[in-house]
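> Handing you this structure, nothing more for now.
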Amino acid sequence: MSRSVRSNPAFPRLLLPALAACLLAACSTTLPTLPPLSDSGIEHPGKIVWHDLVTPDPSRAKAFYGALLGWTFEQLSDGYWLARNDGIAVAGIAALNSSQGLAHWLAHMSVPDVDAATDLARSEGGEILLKPFELPGRGRVAVIRDPQGAAFALLRTRGGDPVDGEPLLNGWLWNEIWTRAPDQGVPFYRTLTGLRSDRRQVDGIDYRYLAEGESPRFGLIDKPGPELANSWVSYIRVDDARVAAATVPALGGKVLLAPRQGLRDSTVTIISDPNGAGLVLQEWSP
Amino acid sequence: MSRPYPAFRRLLLRITLAVGLVLCLGSCSPYGSLSIGTSFNVGGGSMYLTPSIGVGGFL
């Protein structure tokens, strides 16, 4: 570098933005390349097609879910791990930059156009947490918060959405929005997804859900604890909820609702992982 | 008229570069900067789920 260039007073003013741009470009190119979810070529708008755990402590999370559910992990970048359940990609674990960040399971909802859905969500009272971006290999993603505060991701998959199939043991079973006012949440999701809303009365409980044709995609219920923020909550199918819950404390997690028989025609327990991300474990038989 | 490139500016650039690299390498997670801001915390309150609704699981 010549002395004449370095002595130019404009040099530092140009160099700093240039450095920042280079760093951003470098980072964007080092995002993990994820395997495609499917090559079905079919879209299921409104279906929850993926889950990522965002956490300040991926190592602890991997140890927890590995021991609890038998998942194995493959590192795809400095901050992202792919979890496999019996060899099948089941979830991602994404590091938060801040060690003070709150862990959260992030459900990914299929939409045909992430940018349009993001704009629509904003116009319907939602909040954009992460603007649309390309996730190599996976598709286009954005993270939003619904008008009631529940955060989730929008995803336009590359190659299509997974086809419907029987939930695997130690895999995802169901997804719900736990909110103080389920009825008020329905119009937002109906507008966003184009799904039809329906409800069932069972034992005096009014259960609302959205469906694609005859295939229910997710439900909305009164949140089970008044202190709990309105949240998306995902269910994992387990063989024995009691056994699973019994192992949670030793792994650093918490059992928030002890295993209870008779819920959902099965046995259900609510837990949180060592960094506070919540889940429901449920026994289920076809 | 040009002026000598001050040493402190060179130092500033090096610090900026170092900090930027550290931040960048640490943030190559798709959700590194995500702040959802709510915890799955039930505090001391009781937690309950609705009774059997017949549509749990894989409906």
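In the structure tokens, each chain is lettered A, B, ... as it comes, each chain's residues begin at 1, and ligands are numbered from 1 in order of appearance.
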Counting only C-alpha atoms, a student should be able to say which residues of chain A come within 6 Å of chain B; what is the right answer, written as a list in words?

Ser7, Cys27, Leu31, Gly79, Tyr80, Ala94, Ala95, Leu96, Asn97, Leu173, Trp174, Val202, Pro224, Gly225, Glu227, Leu228, Leu263, Arg264, Asp265 and Gly278 of chain A

> Using only C-alpha atoms, which residues sit within 9 Å of Asp239 (chain A) once same-chain residues fewer than 6 positions away are excluded, as an mmCIF file with N, CA, C and O atoms, in the first residue's frame?


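As written to disk, result_14.cif reads:
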```
data_model
loop_
_atom_site.group_PDB
_atom_site.id
_atom_site.type_symbol
_atom_site.label_atom_id
_atom_site.label_comp_id
_atom_site.auth_asym_id
_atom_site.auth_seq_id
_atom_site.Cartn_x
_atom_site.Cartn_y
_atom_site.Cartn_z
ATOM 1 N N LEU A 169 -41.569 -42.126 16.075
ATOM 2 C CA LEU A 169 -41.226 -42.089 17.485
ATOM 3 C C LEU A 169 -40.033 -41.144 17.681
ATOM 4 O O LEU A 169 -39.077 -41.182 16.901
ATOM 5 N N ASN A 170 -40.121 -40.304 18.660
ATOM 6 C CA ASN A 170 -39.115 -39.278 18.954
ATOM 7 C C ASN A 170 -39.031 -38.210 17.860
ATOM 8 O O ASN A 170 -38.013 -37.526 17.727
ATOM 9 N N GLN A 282 -45.607 -36.530 24.253
ATOM 10 C CA GLN A 282 -46.893 -37.220 24.261
ATOM 11 C C GLN A 282 -46.751 -38.630 23.704
ATOM 12 O O GLN A 282 -46.091 -38.845 22.684
ATOM 13 N N GLU A 283 -47.391 -39.553 24.393
ATOM 14 C CA GLU A 283 -47.514 -40.895 23.830
ATOM 15 C C GLU A 283 -48.615 -40.853 22.778
ATOM 16 O O GLU A 283 -49.596 -40.123 22.929
ATOM 17 N N TRP A 284 -48.440 -41.606 21.759
ATOM 18 C CA TRP A 284 -49.450 -41.603 20.702
ATOM 19 C C TRP A 284 -49.401 -42.924 19.942
ATOM 20 O O TRP A 284 -48.313 -43.446 19.670
#
```

> Please provide as an NGL selection string all residues within 10 Å of Leu154 (chain A), with the sequence filter that same-chain residues fewer than 3 positions apart are discarded (counting only C-alpha atoms).

:A and (45-46 or 48-50 or 106-115 or 117-118 or 132 or 140-144 or 157)

> Grab the CA of Thr30 (chain A) to CA of Glu134 (chain A) distance for me, in Å with one decimal place.

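Atom-to-atom, CA of Thr30 (chain A) and CA of Glu134 (chain A) are spaced 11.9 Å apart.
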
> Fewer than 3 positions away in the same chain doesn't count, so skip those; otherwise give me all residues within 9 Å of Phe64 (chain A), counting only C-alpha atoms, as a list of chain:residue names.

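Surrounding residues, per the criterion: A:Ser59, A:Arg60, A:Ala61, A:Ala67, A:Leu68, A:Leu69, A:Val248, A:Leu251, A:Gly252, A:Gly253, A:Asp273, A:Pro274.
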
> Check the DSSP output for the backbone and give back, as a PyMOL selection string, the residues of region 56-244 of chain A in helix (DSSP H, G or I).

chain A and resi 58-69+114-123+182-193+241-244

> Next, dump the selected residues to file, keeping only C-alpha atoms, as a compact mmCIF listing (two decimals), in the first residue's frame.


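Produced file part_12.txt, reproduced below:
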```
# COMPACT_ATOMS: atom_id res chain seq x y z
CA PRO A 58 -25.97 -25.56 21.69
CA SER A 59 -23.63 -27.97 23.47
CA ARG A 60 -25.96 -28.33 26.41
CA ALA A 61 -28.95 -28.62 24.10
CA LYS A 62 -27.31 -31.38 22.09
CA ALA A 63 -26.51 -33.31 25.23
CA PHE A 64 -30.08 -32.93 26.47
CA TYR A 65 -31.92 -33.93 23.31
CA GLY A 66 -29.40 -36.62 22.48
CA ALA A 67 -29.95 -38.30 25.83
CA LEU A 68 -33.70 -37.69 25.99
CA LEU A 69 -34.70 -38.61 22.44
CA VAL A 114 -42.12 -15.71 2.12
CA ASP A 115 -41.79 -12.07 1.11
CA ALA A 116 -45.49 -11.74 0.33
CA ALA A 117 -46.44 -13.59 3.50
CA THR A 118 -44.17 -11.34 5.55
CA ASP A 119 -45.80 -8.24 4.09
CA LEU A 120 -49.22 -9.72 4.72
CA ALA A 121 -48.33 -10.61 8.29
CA ARG A 122 -47.17 -7.06 8.93
CA SER A 123 -50.33 -5.59 7.46
CA PRO A 182 -57.54 -18.46 20.64
CA ASP A 183 -60.56 -17.08 18.81
CA GLN A 184 -58.75 -13.82 18.15
CA GLY A 185 -55.75 -15.68 16.76
CA VAL A 186 -57.64 -17.64 14.13
CA PRO A 187 -58.28 -14.85 11.55
CA PHE A 188 -54.58 -13.96 11.31
CA TYR A 189 -53.55 -17.50 10.49
CA ARG A 190 -56.50 -18.09 8.19
CA THR A 191 -55.51 -15.02 6.20
CA LEU A 192 -51.84 -15.91 6.22
CA THR A 193 -52.22 -19.53 5.14
CA ALA A 241 -43.92 -40.09 28.72
CA ARG A 242 -43.27 -41.14 32.32
CA VAL A 243 -39.87 -42.56 31.54
CA ALA A 244 -38.99 -39.51 29.46
```
